[in-house]
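Colleague: Mind having a look at this structure? Questions to follow.
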Amino acid sequence: MRKAGVRGCVVWMGAVLMVPALVSCTHAARTAAASSSGLSKSQRIQVLTRALMLTQREYGKLGIERPGPADLLDYQPGDLWRRGIDGTGTTVAVIEAWNSPILAKFIASRDKQLGLPNPQIKTIYPTGRHRLPATCPAGMARLPGYGSCRSWGAEAALDVLCVHMMAPYAKILITVAPPDSEITDDAASQVAPPEFMQAVEYLSVHHLANVISISDGTAESTYSHGSEEIRAQDPGELTAAANGIPVLVATGDTDAAQHLAVSPIGRPITSFITTQRATAAWDDSPWVTAVGGSIPHLSATGKRLGPDPVWNPSSLPERSLPPAGDPEGEGAGFSAVYTRPGYQNSVAAVTRSKWRSVPDITMDASGGTSEAAPLLAGVLALATQLNHGKNVGPVNNVLYRVLGPAGLKDGIADVVSGNNTLTIHGKVFVRGFTAARGFDVASGWGTVRAAAFAPALASATQAAHQNAAVRAQARAALTRLEHREQLSTSHVGRGGTTLLTGQGFLPGHPVRLSIDGRKIVTLHTADLVSMLTTTTNVFHSR
């Protein structure tokens with residue numbers, strides 16, 4: 001939602017969120033300080049120690065599963081699990097456009113295979129629906145592949161499993177925000193709807209989660225209303241940052257190009273990806289941690305062979321894509337909407353750009369960067385537990401100023417090889433960026449070793465007084481947005497009208513007009529003149 005106003009005039013943009021629909025989940029999430037698994041710390045350690053032994057013993061058979069044993073060996077959360085640092089008392093929210101009816105069965109099957117405990121999962125619908133619509137929304141139904149209800153259902157299952165792999169006893173809050181909760185919008189908003197950021201705001205305001213993960217790769221350039229449509233979502237990310245909740249977003253799966261809103265079946269690859277360098281929309285905000293893709297570099301027996309490389313199967317010589325196939329590789333590059341944030345000034349000599357560079361960090365993307373973001377969310381749940389249950393975000397400042405430069409000492413493992421050049425049928429389609437020692441555009445700071453990274457992040461967060469300065473910056477930025485539009489009796493005489501213009505509103509979406517906290521009317525941005533006339537007349541009537 002977007003709120004703007006000063007001196008008695010307040011304008012809200014977004015759906016009126018239906019709190020009663022969430023009552024059954026809210027109490028459970030707020031009382032997550034105690035383990036509700038029913039097991040003591042020593043019992044949890046026993047369960048997870050057995051799981052670690054199983055995955056190591058059966059690695060030859062189970063190692064191909066992703067996420068799976070390769071992630072446990074690569075990111076080393078097991079050293080924390082043996083100390084009882086397993087996500088207990090934390091909640092991770094994964095935001096989805098749809099849900100899967102077989103999710104619980106799928107997770108239970110994988111848990112049995114890997115010896116992990118079944119996770120505690122709850123589902124909420126914070127954008128005005130109590131449950132999934134009976135049928136797939138019309139806008140999503142027109143998306144036959146990427147962005148369809150079926151794709152998002154599979155995404156929900158993957159996200160839950162990835163969080164669970166790193167933080168087995170963390171609670172997982174599936175936050176479903178279907179498109180069309182407000183209006184039927186453009187195709188890009190059907191894939192990654194504005195309802196996502198309303199959900200982020202709701203989770204943050206009501207303190208329902210310690211970490212939030214989103215997986216999407218819709219290009220910035222594919223939104224029909226341009227940057228205004230993207231920047232209108234800033235309040236969601238700012239609200240999370242002000243509350244110390246890290247928001248992790250995947251950087252996309254089509255290398256240096258990115259997905260257009262529609263992926264038509266049976267059409268050439270080039271019909272649904274950008275033809276020049278582009279980045280995805282939701283990971284580009286300076287208040288978001290952008291998670292790219294790398295690959296665990298392990299032998300067939302699980303032995304580390306060297307640094308993890310960038311994930312980019314499209315560039316492999318043996319890669320052969322069918323005419324309708326989907327090119328694969330981690331998204332990396334520069335935003336065309338957001339300028340370089342202050343914390344990236346330290347790497348400006350590397351990026352050589354005035355624009356926001358993504359990713360900030362990478363994780364396993366064998367199943368796409370949709371896997372990488374929730375994997376890191378699970379690691380951040382471990383850091384939250386080490387931080388005595390206090391939120392550790394936003395994390396970018398300490399990542400760039402403390403953890404990244406410290407390298408392996410603070411659990412940052414450099415990614416030094418690979419690139420995200422998009423190659424189709426052996427020919428370069430969009431040239432990307434190459435990993436190198438230290439920070440680079442292709443991989444950010446590299447990837448993590450959880451056993452060192454989670455404690456280092458918790459310590460850095462505590463040293464920064466729970467990131468108090470950064471949270472204050474986010475609150476100030478949010479206040480500036482709230483007070484951008486101003487109206488006063490001095491602007492117009494009694495009975496007159498005036499024109500008040502503003503930016504940052506989603507075209508066609510509802511605007512709730514309030515004066516001195518009292519709702520006056522709900523309009524849409526197309527009703528601009530009507531809205532402003534109503535504003536001035538009611539203002540003088542009070």
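To be explicit about the labels: the chains of the structure tokens are called A, B, and onward in the order shown, and within each one the residues are counted from 1, while ligands get numbers from 1 in the order they are shown.
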For Pro309 (chain A), work out the shell of residues within 6 Å, counting only C-alpha atoms and skipping chain neighbours fewer than 3 positions away, then give it as a list in words.

Modeller: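 Residues meeting the cut-off are Ser294, Ile295, Val415, Ser417 and Gly418 of chain A.
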
Colleague: Let's have the selection written as a compact mmCIF listing (two decimals), in the first residue's frame, with N, CA, C and O atoms.

Modeller:
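And here's out_23.txt as it stands now:
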```
# COMPACT_ATOMS: atom_id res chain seq x y z
N SER A 294 24.78 -19.60 -8.04
CA SER A 294 26.04 -20.32 -8.22
C SER A 294 25.74 -21.81 -8.08
O SER A 294 24.59 -22.19 -7.85
N ILE A 295 26.75 -22.66 -8.22
CA ILE A 295 26.54 -24.11 -8.16
C ILE A 295 27.54 -24.73 -7.19
O ILE A 295 28.75 -24.46 -7.29
N VAL A 415 33.21 -16.43 -5.34
CA VAL A 415 32.90 -17.09 -6.61
C VAL A 415 33.80 -16.45 -7.66
O VAL A 415 33.69 -15.24 -7.92
N SER A 417 34.71 -17.88 -10.89
CA SER A 417 34.66 -18.33 -12.29
C SER A 417 33.22 -18.37 -12.77
O SER A 417 32.27 -18.47 -11.98
N GLY A 418 33.07 -18.31 -14.09
CA GLY A 418 31.74 -18.35 -14.70
C GLY A 418 31.24 -16.98 -15.09
O GLY A 418 31.80 -15.95 -14.71
```

Colleague: Enumerate the residues of region 19-125 of chain A with a DSSP assignment of helix (DSSP H, G or I), computed from the backbone, and present them as an NGL selection string.

Modeller: :A and (19-30 or 41-57 or 59-62 or 69-75 or 78-81 or 103-114)

Colleague: Hey, which of A:Val211, A:Leu422, A:Val310, A:Leu481 ends up closest to Arg231 (chain A)? Count only C-alpha atoms.

Modeller: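 Residue with the minimum atom-to-atom distance to Arg231 (chain A): A:Leu481.
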
Colleague: For region 331-348 of chain A, work out the shell of residues within 7 Å, counting only C-alpha atoms and skipping chain neighbours fewer than 2 positions away, then give it as number ranges by chain.

Modeller: A: 227, 251-256, 278-279, 284-286, 292, 329, 350-359, 397, 400, 420, 441-442

Colleague: Store the residues of this selection in a file with N, CA and C atoms, as a compact mmCIF listing (two decimals), in the first residue's frame.

Modeller:
```txt
# COMPACT_ATOMS: atom_id res chain seq x y z
N SER A 227 8.80 2.74 -15.05
CA SER A 227 9.40 2.77 -13.72
C SER A 227 8.42 3.20 -12.64
N THR A 251 17.30 -13.16 -8.60
CA THR A 251 17.66 -12.26 -9.70
C THR A 251 17.21 -12.73 -11.07
N GLY A 252 16.53 -13.89 -11.16
CA GLY A 252 16.04 -14.33 -12.47
C GLY A 252 16.91 -15.39 -13.10
N ASP A 253 16.37 -16.01 -14.15
CA ASP A 253 16.97 -17.24 -14.68
C ASP A 253 17.33 -17.20 -16.15
N THR A 254 17.40 -16.02 -16.74
CA THR A 254 17.73 -15.97 -18.16
C THR A 254 18.98 -15.15 -18.42
N ASP A 255 19.99 -15.35 -17.55
CA ASP A 255 21.30 -14.74 -17.73
C ASP A 255 21.22 -13.22 -17.77
N ALA A 256 21.96 -12.61 -18.70
CA ALA A 256 22.01 -11.16 -18.76
C ALA A 256 20.73 -10.57 -19.34
N ALA A 278 19.31 -6.73 -19.19
CA ALA A 278 18.21 -6.29 -18.36
C ALA A 278 18.28 -7.01 -17.03
N THR A 279 17.65 -6.44 -16.02
CA THR A 279 17.56 -7.11 -14.72
C THR A 279 16.09 -7.24 -14.35
N ASP A 284 15.81 -5.35 -7.51
CA ASP A 284 16.66 -4.20 -7.79
C ASP A 284 16.60 -3.10 -6.75
N SER A 285 15.60 -3.11 -5.90
CA SER A 285 15.50 -2.08 -4.88
C SER A 285 16.73 -2.09 -3.98
N PRO A 286 17.25 -0.93 -3.61
CA PRO A 286 18.40 -0.89 -2.69
C PRO A 286 18.10 -1.49 -1.33
N GLY A 292 21.64 -14.05 -6.46
CA GLY A 292 21.91 -14.67 -7.74
C GLY A 292 22.20 -16.15 -7.59
N GLY A 329 20.34 -19.42 -16.66
CA GLY A 329 21.53 -18.80 -16.11
C GLY A 329 21.13 -17.67 -15.19
N VAL A 350 34.62 -1.22 -9.17
CA VAL A 350 34.38 -2.51 -9.85
C VAL A 350 33.19 -2.39 -10.78
N THR A 351 32.09 -1.85 -10.30
CA THR A 351 30.88 -1.78 -11.11
C THR A 351 30.98 -0.73 -12.21
N ARG A 352 31.67 0.36 -11.93
CA ARG A 352 31.83 1.46 -12.90
C ARG A 352 30.48 1.92 -13.45
N SER A 353 29.52 2.01 -12.58
CA SER A 353 28.18 2.40 -13.00
C SER A 353 27.52 3.22 -11.90
N LYS A 354 26.63 4.10 -12.29
CA LYS A 354 25.87 4.88 -11.33
C LYS A 354 24.59 4.15 -10.90
N TRP A 355 24.37 2.94 -11.46
CA TRP A 355 23.14 2.21 -11.21
C TRP A 355 23.35 1.08 -10.22
N ARG A 356 22.28 0.67 -9.59
CA ARG A 356 22.28 -0.45 -8.64
C ARG A 356 22.74 -1.72 -9.34
N SER A 357 23.71 -2.40 -8.75
CA SER A 357 24.25 -3.64 -9.30
C SER A 357 23.64 -4.82 -8.55
N VAL A 358 23.26 -5.85 -9.28
CA VAL A 358 22.75 -7.09 -8.68
C VAL A 358 23.45 -8.28 -9.37
N PRO A 359 23.69 -9.38 -8.62
CA PRO A 359 23.24 -9.69 -7.27
C PRO A 359 24.18 -9.13 -6.20
N ASN A 397 23.99 -3.35 4.23
CA ASN A 397 25.04 -2.49 4.78
C ASN A 397 26.15 -3.30 5.44
N TYR A 400 28.19 -5.38 2.78
CA TYR A 400 29.17 -4.65 1.98
C TYR A 400 30.30 -4.05 2.82
N ASN A 420 27.43 -14.82 -16.87
CA ASN A 420 25.99 -14.94 -17.17
C ASN A 420 25.68 -14.46 -18.57
N VAL A 441 30.31 -8.04 -10.53
CA VAL A 441 28.90 -7.87 -10.91
C VAL A 441 28.22 -9.21 -11.09
N ALA A 442 28.94 -10.21 -11.56
CA ALA A 442 28.33 -11.51 -11.85
C ALA A 442 27.84 -12.22 -10.60
```

Colleague: Please provide as an mmCIF file with N, CA, C and O atoms, in the first residue's frame all residues within 12 Å of Asn396 (chain A), with the sequence filter that same-chain residues fewer than 2 positions apart are discarded (counting only C-alpha atoms).

Modeller:
```cif
data_model
loop_
_atom_site.group_PDB
_atom_site.id
_atom_site.type_symbol
_atom_site.label_atom_id
_atom_site.label_comp_id
_atom_site.auth_asym_id
_atom_site.auth_seq_id
_atom_site.Cartn_x
_atom_site.Cartn_y
_atom_site.Cartn_z
ATOM 1 N N ALA A 241 12.267 -2.876 5.792
ATOM 2 C CA ALA A 241 13.570 -2.402 6.263
ATOM 3 C C ALA A 241 13.441 -1.645 7.580
ATOM 4 O O ALA A 241 14.267 -1.814 8.488
ATOM 5 N N GLY A 244 13.362 -3.981 10.320
ATOM 6 C CA GLY A 244 14.505 -4.873 10.445
ATOM 7 C C GLY A 244 14.341 -6.224 9.794
ATOM 8 O O GLY A 244 15.068 -7.167 10.116
ATOM 9 N N ILE A 245 13.398 -6.338 8.864
ATOM 10 C CA ILE A 245 13.128 -7.632 8.235
ATOM 11 C C ILE A 245 13.849 -7.704 6.888
ATOM 12 O O ILE A 245 13.540 -6.930 5.979
ATOM 13 N N PRO A 246 14.812 -8.592 6.733
ATOM 14 C CA PRO A 246 15.484 -8.707 5.435
ATOM 15 C C PRO A 246 14.542 -9.283 4.382
ATOM 16 O O PRO A 246 13.817 -10.251 4.642
ATOM 17 N N VAL A 247 14.533 -8.669 3.206
ATOM 18 C CA VAL A 247 13.757 -9.144 2.066
ATOM 19 C C VAL A 247 14.744 -9.646 1.021
ATOM 20 O O VAL A 247 15.591 -8.891 0.540
ATOM 21 N N LEU A 248 14.633 -10.922 0.672
ATOM 22 C CA LEU A 248 15.530 -11.545 -0.291
ATOM 23 C C LEU A 248 14.758 -11.835 -1.566
ATOM 24 O O LEU A 248 13.671 -12.416 -1.519
ATOM 25 N N SER A 285 15.601 -3.106 -5.905
ATOM 26 C CA SER A 285 15.498 -2.078 -4.876
ATOM 27 C C SER A 285 16.734 -2.088 -3.981
ATOM 28 O O SER A 285 17.221 -3.159 -3.592
ATOM 29 N N PRO A 286 17.253 -0.930 -3.614
ATOM 30 C CA PRO A 286 18.402 -0.886 -2.691
ATOM 31 C C PRO A 286 18.103 -1.495 -1.331
ATOM 32 O O PRO A 286 19.020 -1.861 -0.597
ATOM 33 N N TRP A 287 16.820 -1.633 -0.980
ATOM 34 C CA TRP A 287 16.425 -2.162 0.325
ATOM 35 C C TRP A 287 16.234 -3.676 0.296
ATOM 36 O O TRP A 287 15.884 -4.278 1.310
ATOM 37 N N VAL A 288 16.481 -4.287 -0.851
ATOM 38 C CA VAL A 288 16.341 -5.730 -1.030
ATOM 39 C C VAL A 288 17.720 -6.350 -1.196
ATOM 40 O O VAL A 288 18.614 -5.737 -1.792
ATOM 41 N N THR A 289 17.913 -7.548 -0.675
ATOM 42 C CA THR A 289 19.132 -8.304 -0.945
ATOM 43 C C THR A 289 18.878 -9.197 -2.151
ATOM 44 O O THR A 289 18.032 -10.097 -2.108
ATOM 45 N N ALA A 290 19.580 -8.906 -3.238
ATOM 46 C CA ALA A 290 19.405 -9.634 -4.495
ATOM 47 C C ALA A 290 20.256 -10.900 -4.467
ATOM 48 O O ALA A 290 21.471 -10.835 -4.251
ATOM 49 N N VAL A 291 19.612 -12.045 -4.691
ATOM 50 C CA VAL A 291 20.303 -13.336 -4.590
ATOM 51 C C VAL A 291 20.417 -13.960 -5.975
ATOM 52 O O VAL A 291 19.422 -14.334 -6.593
ATOM 53 N N PRO A 341 23.155 2.507 -4.613
ATOM 54 C CA PRO A 341 22.974 2.872 -3.203
ATOM 55 C C PRO A 341 24.309 3.154 -2.526
ATOM 56 O O PRO A 341 25.372 2.724 -3.001
ATOM 57 N N GLY A 342 24.265 3.837 -1.413
ATOM 58 C CA GLY A 342 25.484 4.238 -0.731
ATOM 59 C C GLY A 342 26.377 3.084 -0.352
ATOM 60 O O GLY A 342 27.617 3.184 -0.430
ATOM 61 N N TYR A 343 25.790 1.943 0.056
ATOM 62 C CA TYR A 343 26.634 0.825 0.480
ATOM 63 C C TYR A 343 27.414 0.229 -0.681
ATOM 64 O O TYR A 343 28.396 -0.489 -0.461
ATOM 65 N N GLN A 344 27.021 0.513 -1.941
ATOM 66 C CA GLN A 344 27.793 0.011 -3.076
ATOM 67 C C GLN A 344 28.863 0.992 -3.543
ATOM 68 O O GLN A 344 29.594 0.690 -4.491
ATOM 69 N N VAL A 358 23.257 -5.852 -9.282
ATOM 70 C CA VAL A 358 22.753 -7.091 -8.680
ATOM 71 C C VAL A 358 23.448 -8.278 -9.365
ATOM 72 O O VAL A 358 23.811 -8.191 -10.530
ATOM 73 N N PRO A 359 23.689 -9.381 -8.625
ATOM 74 C CA PRO A 359 23.238 -9.685 -7.267
ATOM 75 C C PRO A 359 24.180 -9.130 -6.202
ATOM 76 O O PRO A 359 25.275 -8.652 -6.513
ATOM 77 N N ASP A 360 23.757 -9.271 -4.942
ATOM 78 C CA ASP A 360 24.614 -8.953 -3.816
ATOM 79 C C ASP A 360 25.371 -10.189 -3.354
ATOM 80 O O ASP A 360 26.468 -10.081 -2.806
ATOM 81 N N ILE A 361 24.774 -11.360 -3.587
ATOM 82 C CA ILE A 361 25.321 -12.617 -3.111
ATOM 83 C C ILE A 361 24.660 -13.743 -3.918
ATOM 84 O O ILE A 361 23.663 -13.498 -4.602
ATOM 85 N N VAL A 392 17.590 -9.432 11.759
ATOM 86 C CA VAL A 392 18.961 -9.078 11.381
ATOM 87 C C VAL A 392 19.029 -8.128 10.190
ATOM 88 O O VAL A 392 20.114 -7.773 9.741
ATOM 89 N N GLY A 393 17.878 -7.707 9.675
ATOM 90 C CA GLY A 393 17.908 -6.908 8.448
ATOM 91 C C GLY A 393 17.719 -5.438 8.684
ATOM 92 O O GLY A 393 17.463 -5.030 9.812
ATOM 93 N N PRO A 394 17.785 -4.667 7.583
ATOM 94 C CA PRO A 394 18.274 -5.088 6.261
ATOM 95 C C PRO A 394 19.767 -5.375 6.322
ATOM 96 O O PRO A 394 20.493 -4.732 7.074
ATOM 97 N N VAL A 398 25.795 -4.257 6.289
ATOM 98 C CA VAL A 398 26.847 -5.048 6.942
ATOM 99 C C VAL A 398 27.481 -6.021 5.963
ATOM 100 O O VAL A 398 28.664 -6.363 6.103
ATOM 101 N N LEU A 399 26.739 -6.447 4.950
ATOM 102 C CA LEU A 399 27.318 -7.324 3.936
ATOM 103 C C LEU A 399 28.434 -6.621 3.187
ATOM 104 O O LEU A 399 29.525 -7.187 2.980
ATOM 105 N N TYR A 400 28.191 -5.380 2.776
ATOM 106 C CA TYR A 400 29.174 -4.647 1.983
ATOM 107 C C TYR A 400 30.302 -4.052 2.820
ATOM 108 O O TYR A 400 31.427 -3.902 2.343
ATOM 109 N N ARG A 401 30.017 -3.712 4.054
ATOM 110 C CA ARG A 401 31.008 -2.993 4.858
ATOM 111 C C ARG A 401 31.774 -3.883 5.828
ATOM 112 O O ARG A 401 32.851 -3.509 6.280
ATOM 113 N N VAL A 402 31.212 -5.049 6.159
ATOM 114 C CA VAL A 402 31.862 -5.899 7.155
ATOM 115 C C VAL A 402 32.108 -7.310 6.612
ATOM 116 O O VAL A 402 33.253 -7.741 6.469
ATOM 117 N N LEU A 403 31.044 -8.031 6.297
ATOM 118 C CA LEU A 403 31.171 -9.449 5.977
ATOM 119 C C LEU A 403 31.881 -9.691 4.649
ATOM 120 O O LEU A 403 32.784 -10.542 4.558
ATOM 121 N N GLY A 404 31.458 -8.987 3.602
ATOM 122 C CA GLY A 404 32.056 -9.201 2.289
ATOM 123 C C GLY A 404 33.554 -9.002 2.283
ATOM 124 O O GLY A 404 34.310 -9.899 1.848
ATOM 125 N N GLY A 444 28.266 -10.776 -7.123
ATOM 126 C CA GLY A 444 28.285 -9.996 -5.899
ATOM 127 C C GLY A 444 29.495 -10.381 -5.064
ATOM 128 O O GLY A 444 30.612 -10.465 -5.580
ATOM 129 N N TRP A 445 29.263 -10.667 -3.780
ATOM 130 C CA TRP A 445 30.368 -11.040 -2.888
ATOM 131 C C TRP A 445 30.690 -12.524 -2.953
ATOM 132 O O TRP A 445 31.667 -12.972 -2.355
ATOM 133 N N LEU A 457 27.022 -12.574 10.853
ATOM 134 C CA LEU A 457 25.926 -11.653 10.585
ATOM 135 C C LEU A 457 25.248 -11.238 11.885
ATOM 136 O O LEU A 457 24.927 -10.058 12.082
ATOM 137 N N ALA A 460 27.599 -8.796 13.624
ATOM 138 C CA ALA A 460 27.643 -7.498 12.954
ATOM 139 C C ALA A 460 26.351 -6.719 13.189
ATOM 140 O O ALA A 460 26.372 -5.495 13.342
ATOM 141 N N THR A 461 25.226 -7.432 13.223
ATOM 142 C CA THR A 461 23.943 -6.785 13.492
ATOM 143 C C THR A 461 23.918 -6.204 14.903
ATOM 144 O O THR A 461 23.469 -5.076 15.120
ATOM 145 N N ASN A 467 21.165 -2.631 13.524
ATOM 146 C CA ASN A 467 21.053 -1.842 12.284
ATOM 147 C C ASN A 467 20.171 -0.607 12.487
ATOM 148 O O ASN A 467 19.416 -0.201 11.596
ATOM 149 N N VAL A 470 20.340 2.198 9.797
ATOM 150 C CA VAL A 470 19.747 1.852 8.505
ATOM 151 C C VAL A 470 18.232 1.810 8.618
ATOM 152 O O VAL A 470 17.510 2.271 7.725
ATOM 153 N N ARG A 471 17.725 1.266 9.710
ATOM 154 C CA ARG A 471 16.278 1.237 9.909
ATOM 155 C C ARG A 471 15.719 2.654 9.970
ATOM 156 O O ARG A 471 14.641 2.928 9.436
#
```

Colleague: Report as a list in words: the residues of region 65-271 of chain A with a DSSP assignment of strand (DSSP E or B), based on the backbone of this structure.

Modeller: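 Answer for region 65-271 of chain A, restricted to strand (DSSP E or B): Thr91, Val92, Ala93, Val94, Ile95, Glu96, Gln120, Ile121, Lys122, Thr123, Ile124, Lys171, Ile172, Leu173, Ile174, Thr175, Val176, Val211, Ile212, Ser213, Ile214, Thr218, Ala219, Val247, Leu248, Val249, Ala250, Thr254 and His259 of chain A.
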
Colleague: Go ahead and write the selection's residues with N, CA and C atoms as a PDB file, in the first residue's frame.

Modeller:
```
ATOM      1  N   THR A  91      10.493 -17.307  12.064  1.00  0.00           N
ATOM      2  CA  THR A  91       9.482 -17.511  11.014  1.00  0.00           C
ATOM      3  C   THR A  91       9.978 -16.904   9.716  1.00  0.00           C
ATOM      4  N   VAL A  92       9.936 -17.684   8.658  1.00  0.00           N
ATOM      5  CA  VAL A  92      10.311 -17.224   7.323  1.00  0.00           C
ATOM      6  C   VAL A  92       9.057 -17.198   6.456  1.00  0.00           C
ATOM      7  N   ALA A  93       8.800 -16.067   5.818  1.00  0.00           N
ATOM      8  CA  ALA A  93       7.660 -15.938   4.913  1.00  0.00           C
ATOM      9  C   ALA A  93       8.128 -16.072   3.472  1.00  0.00           C
ATOM     10  N   VAL A  94       7.448 -16.895   2.701  1.00  0.00           N
ATOM     11  CA  VAL A  94       7.688 -16.986   1.260  1.00  0.00           C
ATOM     12  C   VAL A  94       6.438 -16.450   0.572  1.00  0.00           C
ATOM     13  N   ILE A  95       6.623 -15.527  -0.352  1.00  0.00           N
ATOM     14  CA  ILE A  95       5.490 -14.860  -0.997  1.00  0.00           C
ATOM     15  C   ILE A  95       5.236 -15.489  -2.363  1.00  0.00           C
ATOM     16  N   GLU A  96       4.003 -15.902  -2.576  1.00  0.00           N
ATOM     17  CA  GLU A  96       3.636 -16.628  -3.786  1.00  0.00           C
ATOM     18  C   GLU A  96       2.397 -16.004  -4.422  1.00  0.00           C
ATOM     19  N   GLN A 120       6.777 -26.801  10.185  1.00  0.00           N
ATOM     20  CA  GLN A 120       5.516 -26.191  10.588  1.00  0.00           C
ATOM     21  C   GLN A 120       5.165 -25.135   9.543  1.00  0.00           C
ATOM     22  N   ILE A 121       4.082 -25.362   8.825  1.00  0.00           N
ATOM     23  CA  ILE A 121       3.699 -24.497   7.714  1.00  0.00           C
ATOM     24  C   ILE A 121       2.316 -23.914   7.972  1.00  0.00           C
ATOM     25  N   LYS A 122       2.183 -22.620   7.759  1.00  0.00           N
ATOM     26  CA  LYS A 122       0.866 -21.978   7.786  1.00  0.00           C
ATOM     27  C   LYS A 122       0.722 -21.165   6.507  1.00  0.00           C
ATOM     28  N   THR A 123      -0.500 -20.969   6.073  1.00  0.00           N
ATOM     29  CA  THR A 123      -0.779 -20.206   4.853  1.00  0.00           C
ATOM     30  C   THR A 123      -1.710 -19.056   5.181  1.00  0.00           C
ATOM     31  N   ILE A 124      -1.381 -17.874   4.683  1.00  0.00           N
ATOM     32  CA  ILE A 124      -2.232 -16.704   4.857  1.00  0.00           C
ATOM     33  C   ILE A 124      -2.458 -16.036   3.506  1.00  0.00           C
ATOM     34  N   LYS A 171       9.573 -21.908  11.432  1.00  0.00           N
ATOM     35  CA  LYS A 171       8.207 -21.896  10.911  1.00  0.00           C
ATOM     36  C   LYS A 171       8.230 -21.248   9.537  1.00  0.00           C
ATOM     37  N   ILE A 172       7.380 -21.740   8.655  1.00  0.00           N
ATOM     38  CA  ILE A 172       7.315 -21.212   7.291  1.00  0.00           C
ATOM     39  C   ILE A 172       5.904 -20.698   7.044  1.00  0.00           C
ATOM     40  N   LEU A 173       5.815 -19.457   6.649  1.00  0.00           N
ATOM     41  CA  LEU A 173       4.536 -18.791   6.421  1.00  0.00           C
ATOM     42  C   LEU A 173       4.356 -18.584   4.920  1.00  0.00           C
ATOM     43  N   ILE A 174       3.535 -19.424   4.301  1.00  0.00           N
ATOM     44  CA  ILE A 174       3.255 -19.251   2.873  1.00  0.00           C
ATOM     45  C   ILE A 174       2.274 -18.096   2.737  1.00  0.00           C
ATOM     46  N   THR A 175       2.723 -17.043   2.111  1.00  0.00           N
ATOM     47  CA  THR A 175       1.938 -15.819   1.996  1.00  0.00           C
ATOM     48  C   THR A 175       1.478 -15.689   0.558  1.00  0.00           C
ATOM     49  N   VAL A 176       0.211 -15.996   0.317  1.00  0.00           N
ATOM     50  CA  VAL A 176      -0.311 -16.064  -1.048  1.00  0.00           C
ATOM     51  C   VAL A 176      -0.994 -14.747  -1.394  1.00  0.00           C
ATOM     52  N   VAL A 211      12.113 -13.098   8.270  1.00  0.00           N
ATOM     53  CA  VAL A 211      12.765 -13.038   6.957  1.00  0.00           C
ATOM     54  C   VAL A 211      11.678 -13.222   5.905  1.00  0.00           C
ATOM     55  N   ILE A 212      11.821 -12.533   4.772  1.00  0.00           N
ATOM     56  CA  ILE A 212      10.865 -12.645   3.668  1.00  0.00           C
ATOM     57  C   ILE A 212      11.633 -13.004   2.397  1.00  0.00           C
ATOM     58  N   SER A 213      11.101 -13.971   1.637  1.00  0.00           N
ATOM     59  CA  SER A 213      11.738 -14.405   0.398  1.00  0.00           C
ATOM     60  C   SER A 213      10.741 -14.325  -0.759  1.00  0.00           C
ATOM     61  N   ILE A 214      11.210 -13.799  -1.899  1.00  0.00           N
ATOM     62  CA  ILE A 214      10.408 -13.715  -3.125  1.00  0.00           C
ATOM     63  C   ILE A 214      11.249 -14.250  -4.281  1.00  0.00           C
ATOM     64  N   THR A 218      10.785 -11.273 -13.541  1.00  0.00           N
ATOM     65  CA  THR A 218      10.158 -10.455 -14.577  1.00  0.00           C
ATOM     66  C   THR A 218      10.973  -9.186 -14.798  1.00  0.00           C
ATOM     67  N   ALA A 219      11.327  -8.902 -16.037  1.00  0.00           N
ATOM     68  CA  ALA A 219      12.221  -7.792 -16.347  1.00  0.00           C
ATOM     69  C   ALA A 219      11.604  -6.447 -15.996  1.00  0.00           C
ATOM     70  N   VAL A 247      14.533  -8.669   3.206  1.00  0.00           N
ATOM     71  CA  VAL A 247      13.757  -9.144   2.066  1.00  0.00           C
ATOM     72  C   VAL A 247      14.744  -9.646   1.021  1.00  0.00           C
ATOM     73  N   LEU A 248      14.633 -10.922   0.672  1.00  0.00           N
ATOM     74  CA  LEU A 248      15.530 -11.545  -0.291  1.00  0.00           C
ATOM     75  C   LEU A 248      14.758 -11.835  -1.566  1.00  0.00           C
ATOM     76  N   VAL A 249      15.323 -11.443  -2.709  1.00  0.00           N
ATOM     77  CA  VAL A 249      14.629 -11.650  -3.977  1.00  0.00           C
ATOM     78  C   VAL A 249      15.597 -12.245  -4.989  1.00  0.00           C
ATOM     79  N   ALA A 250      15.154 -13.267  -5.699  1.00  0.00           N
ATOM     80  CA  ALA A 250      15.962 -13.920  -6.727  1.00  0.00           C
ATOM     81  C   ALA A 250      16.175 -12.992  -7.916  1.00  0.00           C
ATOM     82  N   THR A 254      17.403 -16.024 -16.736  1.00  0.00           N
ATOM     83  CA  THR A 254      17.733 -15.974 -18.164  1.00  0.00           C
ATOM     84  C   THR A 254      18.985 -15.145 -18.422  1.00  0.00           C
ATOM     85  N   HIS A 259      13.128 -12.257 -18.331  1.00  0.00           N
ATOM     86  CA  HIS A 259      11.840 -12.679 -18.856  1.00  0.00           C
ATOM     87  C   HIS A 259      10.944 -11.482 -19.194  1.00  0.00           C
TER      88      HIS A 259
END
```

Colleague: Please provide the set of residues having any atom within 12 Å of Ile107 (chain A), restricted to only C-alpha atoms, with same-chain residues fewer than 4 positions apart removed, written as a PyMOL selection string.

Modeller: chain A and resi 67+100-103+111-121+154+156-165+168

Colleague: Within 6 Å of Gly87 (chain A), counting only C-alpha atoms, which residues show up once you throw out same-chain ones fewer than 6 positions away? Write them as a PyMOL selection string, please.

Modeller: chain A and resi 167+169-170+381-382

Colleague: Residues of the last selection are to be written out with C-alpha atoms, as an mmCIF file, in the first residue's frame.

Modeller:
```cif
data_model
loop_
_atom_site.group_PDB
_atom_site.id
_atom_site.type_symbol
_atom_site.label_atom_id
_atom_site.label_comp_id
_atom_site.auth_asym_id
_atom_site.auth_seq_id
_atom_site.Cartn_x
_atom_site.Cartn_y
_atom_site.Cartn_z
ATOM 1 C CA ALA A 167 16.514 -24.113 8.927
ATOM 2 C CA TYR A 169 12.784 -26.100 12.724
ATOM 3 C CA ALA A 170 11.886 -22.631 11.450
ATOM 4 C CA ALA A 381 16.744 -17.658 10.033
ATOM 5 C CA LEU A 382 19.751 -19.318 11.683
#
```
